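File shown: my_file_14.txt. Contents: compact mmCIF, C-alpha atoms.
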```txt
# COMPACT_ATOMS: atom_id res chain seq x y z
CA MET A 1 -0.85 -15.25 -50.04
CA SER A 2 1.15 -13.32 -52.63
CA ASN A 3 3.55 -10.61 -51.50
CA ASP A 4 2.82 -8.74 -54.75
CA PRO A 5 0.62 -5.76 -53.73
CA TYR A 6 -0.99 -5.61 -57.19
CA ALA A 7 -1.88 -9.30 -57.12
CA LEU A 8 -3.28 -8.84 -53.62
CA ALA A 9 -5.41 -5.93 -54.85
CA ALA A 10 -6.69 -8.06 -57.75
CA THR A 11 -7.64 -10.84 -55.31
CA ALA A 12 -9.43 -8.35 -53.05
CA ALA A 13 -11.23 -6.81 -56.04
CA ALA A 14 -12.49 -10.21 -57.19
CA ALA A 15 -13.80 -10.97 -53.69
CA LEU A 16 -15.39 -7.51 -53.48
CA LYS A 17 -17.20 -7.84 -56.81
CA SER A 18 -18.38 -11.36 -55.94
CA THR A 19 -19.70 -10.33 -52.52
CA ALA A 20 -21.45 -7.24 -53.90
CA GLY A 21 -22.78 -9.07 -56.96
CA VAL A 22 -21.41 -6.37 -59.25
CA GLU A 23 -19.37 -7.09 -62.40
CA SER A 24 -17.44 -3.82 -62.35
CA PHE A 25 -17.35 -0.47 -60.57
CA ASP A 26 -17.08 3.00 -62.07
CA VAL A 27 -16.18 5.36 -59.23
CA ALA A 28 -14.58 5.03 -55.81
CA LEU A 29 -14.88 7.49 -52.94
CA VAL A 30 -12.57 7.41 -49.92
CA MET A 31 -14.27 9.10 -46.99
CA GLY A 32 -11.95 10.87 -44.56
CA SER A 33 -12.48 11.79 -40.92
CA GLY A 34 -15.92 13.33 -40.47
CA TRP A 35 -17.03 12.57 -44.03
CA VAL A 36 -18.60 9.15 -43.35
CA PRO A 37 -22.17 10.42 -42.69
CA ALA A 38 -22.12 12.11 -46.10
CA ALA A 39 -22.00 8.70 -47.79
CA ASP A 40 -25.72 8.14 -47.25
CA ALA A 41 -26.60 10.66 -49.97
CA ILE A 42 -24.63 8.99 -52.76
CA GLY A 43 -27.11 6.31 -53.82
CA THR A 44 -28.80 3.00 -52.98
CA THR A 45 -26.70 0.57 -50.98
CA VAL A 46 -26.25 -2.80 -52.67
CA ALA A 47 -23.89 -4.29 -50.10
CA GLU A 48 -21.76 -3.20 -47.15
CA ILE A 49 -18.69 -5.25 -46.38
CA PRO A 50 -16.30 -5.06 -43.41
CA VAL A 51 -12.83 -4.41 -44.80
CA THR A 52 -11.48 -7.27 -42.71
CA ASP A 53 -13.55 -9.68 -44.83
CA LEU A 54 -11.29 -8.88 -47.79
CA PRO A 55 -7.59 -9.74 -48.19
CA GLY A 56 -5.02 -7.06 -47.52
CA PHE A 57 -7.15 -4.61 -45.53
CA ALA A 58 -6.29 -3.56 -41.99
CA PRO A 59 -9.04 -3.07 -39.37
CA PRO A 60 -9.98 0.55 -38.59
CA ALA A 61 -7.79 2.23 -36.00
CA VAL A 62 -9.07 5.83 -35.97
CA ALA A 63 -12.27 7.31 -34.54
CA GLY A 64 -14.55 8.44 -37.37
CA HIS A 65 -13.38 5.70 -39.74
CA ALA A 66 -15.91 2.88 -39.93
CA GLY A 67 -13.78 0.23 -41.63
CA ARG A 68 -16.43 -0.81 -44.17
CA ILE A 69 -16.76 -0.72 -47.94
CA ARG A 70 -20.18 0.17 -49.30
CA ALA A 71 -21.26 -0.79 -52.82
CA VAL A 72 -23.79 1.74 -54.11
CA THR A 73 -25.84 2.24 -57.25
CA THR A 74 -26.58 5.87 -58.11
CA ALA A 75 -29.73 7.25 -59.69
CA SER A 76 -27.82 7.55 -62.97
CA GLY A 77 -26.88 3.86 -62.87
CA ARG A 78 -23.24 4.13 -61.84
CA ASN A 79 -21.71 1.48 -59.62
CA VAL A 80 -19.82 3.22 -56.84
CA LEU A 81 -17.49 1.96 -54.13
CA ILE A 82 -17.45 4.00 -50.92
CA PHE A 83 -14.59 3.35 -48.52
CA LEU A 84 -15.89 4.36 -45.10
CA GLY A 85 -12.52 5.12 -43.63
CA ARG A 86 -8.89 4.55 -44.63
CA THR A 87 -5.57 3.29 -43.29
CA HIS A 88 -3.09 6.06 -42.41
CA LEU A 89 0.68 5.96 -42.64
CA TYR A 90 0.98 6.91 -38.96
CA GLU A 91 -0.64 3.61 -37.96
CA GLY A 92 2.76 2.02 -38.57
CA LEU A 93 1.64 -0.68 -41.00
CA GLY A 94 3.71 0.62 -43.90
CA VAL A 95 2.78 2.20 -47.21
CA GLU A 96 1.07 -0.76 -48.92
CA PRO A 97 -1.99 -0.89 -46.61
CA VAL A 98 -2.45 2.87 -47.09
CA VAL A 99 -2.93 2.52 -50.86
CA HIS A 100 -4.46 -0.96 -50.93
CA GLY A 101 -8.02 0.39 -51.08
CA VAL A 102 -7.30 2.54 -54.12
CA ARG A 103 -5.47 -0.29 -55.88
CA THR A 104 -8.34 -2.65 -55.11
CA ALA A 105 -10.86 -0.17 -56.50
CA ILE A 106 -8.89 0.22 -59.74
CA ALA A 107 -8.59 -3.56 -60.05
CA ALA A 108 -12.39 -3.66 -59.68
CA GLY A 109 -12.79 -1.42 -62.74
CA VAL A 110 -12.81 2.05 -61.19
CA SER A 111 -11.55 4.84 -63.46
CA THR A 112 -12.32 7.80 -61.17
CA VAL A 113 -11.19 8.09 -57.55
CA VAL A 114 -12.60 10.77 -55.24
CA LEU A 115 -10.42 11.35 -52.17
CA THR A 116 -11.81 13.30 -49.22
CA ASN A 117 -10.16 14.34 -46.00
CA ALA A 118 -10.38 16.56 -42.96
CA ALA A 119 -7.72 19.25 -43.04
CA GLY A 120 -6.33 22.15 -41.10
CA GLY A 121 -6.72 25.44 -42.90
CA LEU A 122 -3.50 27.35 -43.51
CA ARG A 123 -5.25 30.51 -44.74
CA PRO A 124 -7.78 31.45 -42.03
CA GLU A 125 -7.94 34.94 -43.50
CA HIS A 126 -10.09 33.53 -46.31
CA GLN A 127 -10.97 29.97 -45.24
CA LYS A 128 -13.99 29.17 -43.10
CA VAL A 129 -14.19 26.15 -40.85
CA GLY A 130 -16.72 23.73 -42.33
CA GLU A 131 -16.00 24.71 -45.94
CA PRO A 132 -14.91 22.17 -48.57
CA VAL A 133 -11.90 23.05 -50.71
CA LEU A 134 -10.89 21.39 -53.99
CA ILE A 135 -7.35 20.05 -53.96
CA SER A 136 -5.48 21.51 -56.92
CA ASP A 137 -2.08 19.98 -56.07
CA HIS A 138 -0.18 18.50 -53.15
CA ILE A 139 3.14 18.57 -51.35
CA ASN A 140 4.26 15.22 -49.96
CA LEU A 141 6.08 15.71 -46.65
CA THR A 142 5.27 12.24 -45.31
CA GLY A 143 8.72 10.89 -46.12
CA ALA A 144 7.05 7.95 -47.89
CA HIS A 145 6.01 6.96 -51.41
CA PRO A 146 3.83 4.10 -52.73
CA LEU A 147 6.00 3.46 -55.80
CA THR A 148 9.42 1.82 -55.87
CA GLY A 149 11.79 1.14 -58.72
CA ALA A 150 11.59 2.66 -62.19
CA ARG A 151 7.90 3.60 -62.06
CA PHE A 152 7.88 7.06 -63.63
CA VAL A 153 4.42 8.61 -63.36
CA ASP A 154 3.64 12.14 -64.54
CA MET A 155 2.15 14.15 -61.68
CA THR A 156 1.53 17.42 -63.53
CA ASP A 157 -2.25 17.08 -63.27
CA THR A 158 -2.55 14.73 -60.31
CA TYR A 159 -5.96 16.20 -59.44
CA THR A 160 -7.71 16.14 -62.80
CA PRO A 161 -8.65 19.65 -64.02
CA ARG A 162 -11.74 18.28 -65.81
CA LEU A 163 -13.07 16.85 -62.57
CA ARG A 164 -12.40 20.07 -60.68
CA ASP A 165 -14.35 21.94 -63.36
CA LEU A 166 -17.26 19.50 -62.89
CA ALA A 167 -17.19 20.05 -59.13
CA ARG A 168 -17.35 23.82 -59.64
CA GLU A 169 -20.36 23.34 -61.92
CA VAL A 170 -22.07 21.68 -58.95
CA ASP A 171 -20.87 24.30 -56.44
CA PRO A 172 -19.38 27.48 -57.97
CA SER A 173 -18.35 28.66 -54.50
CA LEU A 174 -15.70 25.92 -54.17
CA ALA A 175 -12.22 27.32 -53.62
CA GLU A 176 -9.04 25.49 -54.61
CA GLY A 177 -5.88 24.91 -52.66
CA VAL A 178 -2.66 22.94 -52.27
CA TYR A 179 -2.77 20.10 -49.73
CA VAL A 180 0.35 19.50 -47.62
CA ALA A 181 0.65 15.99 -46.18
CA PHE A 182 2.61 15.15 -43.04
CA ARG A 183 3.03 11.67 -41.59
CA GLY A 184 1.31 12.40 -38.25
CA PRO A 185 -0.09 11.37 -35.84
CA THR A 186 0.86 14.58 -34.05
CA TYR A 187 -0.71 17.71 -35.40
CA GLU A 188 1.75 20.06 -37.07
CA THR A 189 3.71 22.52 -34.97
CA PRO A 190 3.20 26.26 -35.51
CA ALA A 191 6.64 26.35 -37.19
CA GLU A 192 5.61 23.55 -39.58
CA VAL A 193 2.41 25.42 -40.36
CA ARG A 194 4.39 28.57 -41.15
CA MET A 195 6.73 26.52 -43.35
CA SER A 196 3.79 24.98 -45.20
CA ARG A 197 2.36 28.41 -45.90
CA ILE A 198 5.71 29.60 -47.26
CA LEU A 199 5.87 26.53 -49.53
CA GLY A 200 2.49 27.46 -50.99
CA GLY A 201 0.24 25.16 -48.98
CA ASP A 202 -3.37 25.98 -48.22
CA MET A 203 -4.48 22.91 -46.23
CA VAL A 204 -2.55 20.45 -44.10
CA GLY A 205 -3.35 16.87 -43.13
CA MET A 206 -2.18 13.27 -42.76
CA SER A 207 -3.63 11.40 -45.72
CA THR A 208 -4.62 11.51 -49.40
CA VAL A 209 -1.33 12.08 -51.24
CA LEU A 210 -0.12 8.48 -51.25
CA GLU A 211 -3.54 7.33 -52.44
CA ALA A 212 -3.54 10.00 -55.17
CA ILE A 213 -0.15 8.81 -56.41
CA ALA A 214 -1.32 5.19 -56.47
CA ALA A 215 -4.49 6.18 -58.32
CA ARG A 216 -2.52 8.05 -60.98
CA GLU A 217 -0.14 5.12 -61.34
CA GLY A 218 -3.19 2.91 -61.96
CA GLY A 219 -4.49 5.23 -64.65
CA ALA A 220 -7.45 6.63 -62.70
CA GLU A 221 -8.49 10.26 -62.66
CA VAL A 222 -8.47 11.87 -59.23
CA LEU A 223 -10.69 14.43 -57.53
CA GLY A 224 -9.62 15.63 -54.08
CA LEU A 225 -11.75 17.47 -51.53
CA SER A 226 -10.62 18.75 -48.14
CA LEU A 227 -13.08 19.74 -45.44
CA VAL A 228 -11.46 22.52 -43.41
CA THR A 229 -12.19 21.48 -39.83
CA ASN A 230 -9.84 23.82 -37.95
CA PRO A 231 -7.20 26.50 -38.53
CA GLY A 232 -3.62 25.23 -38.51
CA ALA A 233 -1.66 25.20 -35.26
CA GLY A 234 -0.57 28.61 -34.05
CA LEU A 235 -2.80 30.57 -36.41
CA VAL A 236 -5.57 31.31 -33.89
CA GLY A 237 -4.04 30.32 -30.56
CA GLU A 238 -6.38 27.39 -29.88
CA PRO A 239 -5.21 23.79 -29.27
CA LEU A 240 -6.18 21.11 -31.81
CA ASN A 241 -8.07 17.90 -31.11
CA HIS A 242 -9.59 15.05 -33.16
CA GLN A 243 -13.03 15.42 -31.57
CA GLU A 244 -13.33 18.89 -33.09
CA VAL A 245 -12.58 17.38 -36.50
CA LEU A 246 -15.39 14.84 -36.14
CA GLU A 247 -17.87 17.41 -34.84
CA VAL A 248 -17.32 19.68 -37.84
CA GLY A 249 -17.78 16.67 -40.10
CA ARG A 250 -21.09 15.76 -38.48
CA ALA A 251 -22.31 19.35 -38.67
CA THR A 252 -21.61 19.56 -42.40
CA ALA A 253 -22.46 15.96 -43.39
CA ALA A 254 -25.68 16.83 -45.21
CA ARG A 255 -24.04 19.48 -47.37
CA MET A 256 -21.04 17.28 -48.13
CA GLY A 257 -23.31 14.38 -49.08
CA VAL A 258 -25.31 16.48 -51.53
CA LEU A 259 -22.09 17.87 -53.02
CA LEU A 260 -20.57 14.41 -53.50
CA ALA A 261 -23.79 12.92 -54.89
CA ASN A 262 -24.11 15.68 -57.46
CA VAL A 263 -20.46 15.44 -58.43
CA VAL A 264 -20.66 11.65 -58.88
CA ASP A 265 -23.72 12.09 -61.09
CA LYS A 266 -21.66 14.34 -63.39
CA LEU A 267 -18.62 12.06 -63.65
```
Entire entry expressed as structure tokens:
Amino acid sequence: MSNDPYALAATAAAALKSTAGVESFDVALVMGSGWVPAADAIGTTVAEIPVTDLPGFAPPAVAGHAGRIRAVTTASGRNVLIFLGRTHLYEGLGVEPVVHGVRTAIAAGVSTVVLTNAAGGLRPEHQKVGEPVLISDHINLTGAHPLTGARFVDMTDTYTPRLRDLAREVDPSLAEGVYVAFRGPTYETPAEVRMSRILGGDMVGMSTVLEAIAAREGGAEVLGLSLVTNPGAGLVGEPLNHQEVLEVGRATAARMGVLLANVVDKL
């Protein structure tokens, strides 16, 4: 098997299209922790494939991540890929498996990538737990990057303004914020949360930014959505745990599904 990550993504894309019986896909959604139940509202399932049936994908290692790829047709006729879970940098597999799903989607024809995640809220004074927030920009504190060599990609509008405008047409109440990514798997310390606030961050998490960079390198437009599942460490005096993240996701799944379905219809 080729060591070229782009060739590997092309091979996975060909296998994905063949298995799903679809010539090309239009949109890909990556569902973060707690977002998986929302996928049911997107459209009619054509096929659902375990990621381990495709080259280059790692098996799921995190609760709340199903490790499947769902091919869906929407009411408006769009062919959509839904990644029910993702690989995280903290799993120790390196950067390439983290962005392999996005690269595979782009190789399968996708021109719009929707990245969702569960995030800690850094502004509890005006953020409510269970509320989605549009990602307007990010700060990469993971210490990693999916590009090497002279690959100069403009990141001015990483999260496409046009797509954020479309999302606000669907839900005018959507706030925007800057997503700060740490490597994990520990939750951030109170000092790191304070630092992130000083840097201009609004949400904090352990995913999304490497995928967004890879999507922009591949020429896709990106829409990012964080579900605020808890205040950041030290802001309210309560300890953090992953079960809380999943419970908030389940409680808000119906709303998130309707939001995503309506946004995809407008893309």
Residues of stretch 23-136 of chain A that approach stretch 162-182 of chain A to 8 Å or less, counting only C-alpha atoms: could you list each one with the shortest pair of atoms and its distance in Å to one decimal, rows by chain and increasing residue number, as JSON lines?
```
{"residue": "A:Pro132", "atom": "CA", "partner": "A:Leu174", "partner_atom": "CA", "distance": 6.8}
{"residue": "A:Val133", "atom": "CA", "partner": "A:Ala175", "partner_atom": "CA", "distance": 5.2}
{"residue": "A:Leu134", "atom": "CA", "partner": "A:Glu176", "partner_atom": "CA", "distance": 4.5}
{"residue": "A:Ile135", "atom": "CA", "partner": "A:Gly177", "partner_atom": "CA", "distance": 5.2}
{"residue": "A:Ser136", "atom": "CA", "partner": "A:Gly177", "partner_atom": "CA", "distance": 5.5}
```
Please provide as an mmCIF file with C-alpha atoms, in the frame of the given file all residues within 6 Å of A:Ala108, with the sequence filter that same-chain residues fewer than 4 positions apart are discarded (counting only C-alpha atoms).
```cif
data_model
loop_
_atom_site.group_PDB
_atom_site.id
_atom_site.type_symbol
_atom_site.label_atom_id
_atom_site.label_comp_id
_atom_site.auth_asym_id
_atom_site.auth_seq_id
_atom_site.Cartn_x
_atom_site.Cartn_y
_atom_site.Cartn_z
ATOM 1 C CA ALA A 13 -11.230 -6.810 -56.040
ATOM 2 C CA SER A 24 -17.440 -3.820 -62.350
ATOM 3 C CA PHE A 25 -17.350 -0.470 -60.570
#
```
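Proximity to A:Thr229 was assessed for A:Lys128, A:His88, A:Arg255, A:Arg70 counting all atoms listed in the file; the smallest distance is recorded for A:Lys128.
You can rank A:Leu260, A:Ala212, A:Ala75, A:Ala15 by their closest distance to A:Ala107 using all atoms listed in the file, and at the top of that list sits A:Ala15.
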Quiz item: Can you tell me, as a count of residues only, what residues are no more than 12 Å from A:Ala105 when counting only C-alpha atoms, ignoring any on the same chain fewer than 6 positions away?
Solution: 37
Exercise. Go through A:Glu91, A:Glu48, A:Glu23, A:Asp154 one by one, measure the shortest atom-to-atom distance of each to A:Ser207 using all atoms listed in the file, and give the residue with the smallest value.
Key: A:Glu91
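Between atom CA of A:Glu96 and atom CA of A:Val153 the separation is 17.5 Å.
Computed from the coordinates, the atom CA of A:Arg103 to atom CA of A:Thr73 distance equals 20.6 Å.
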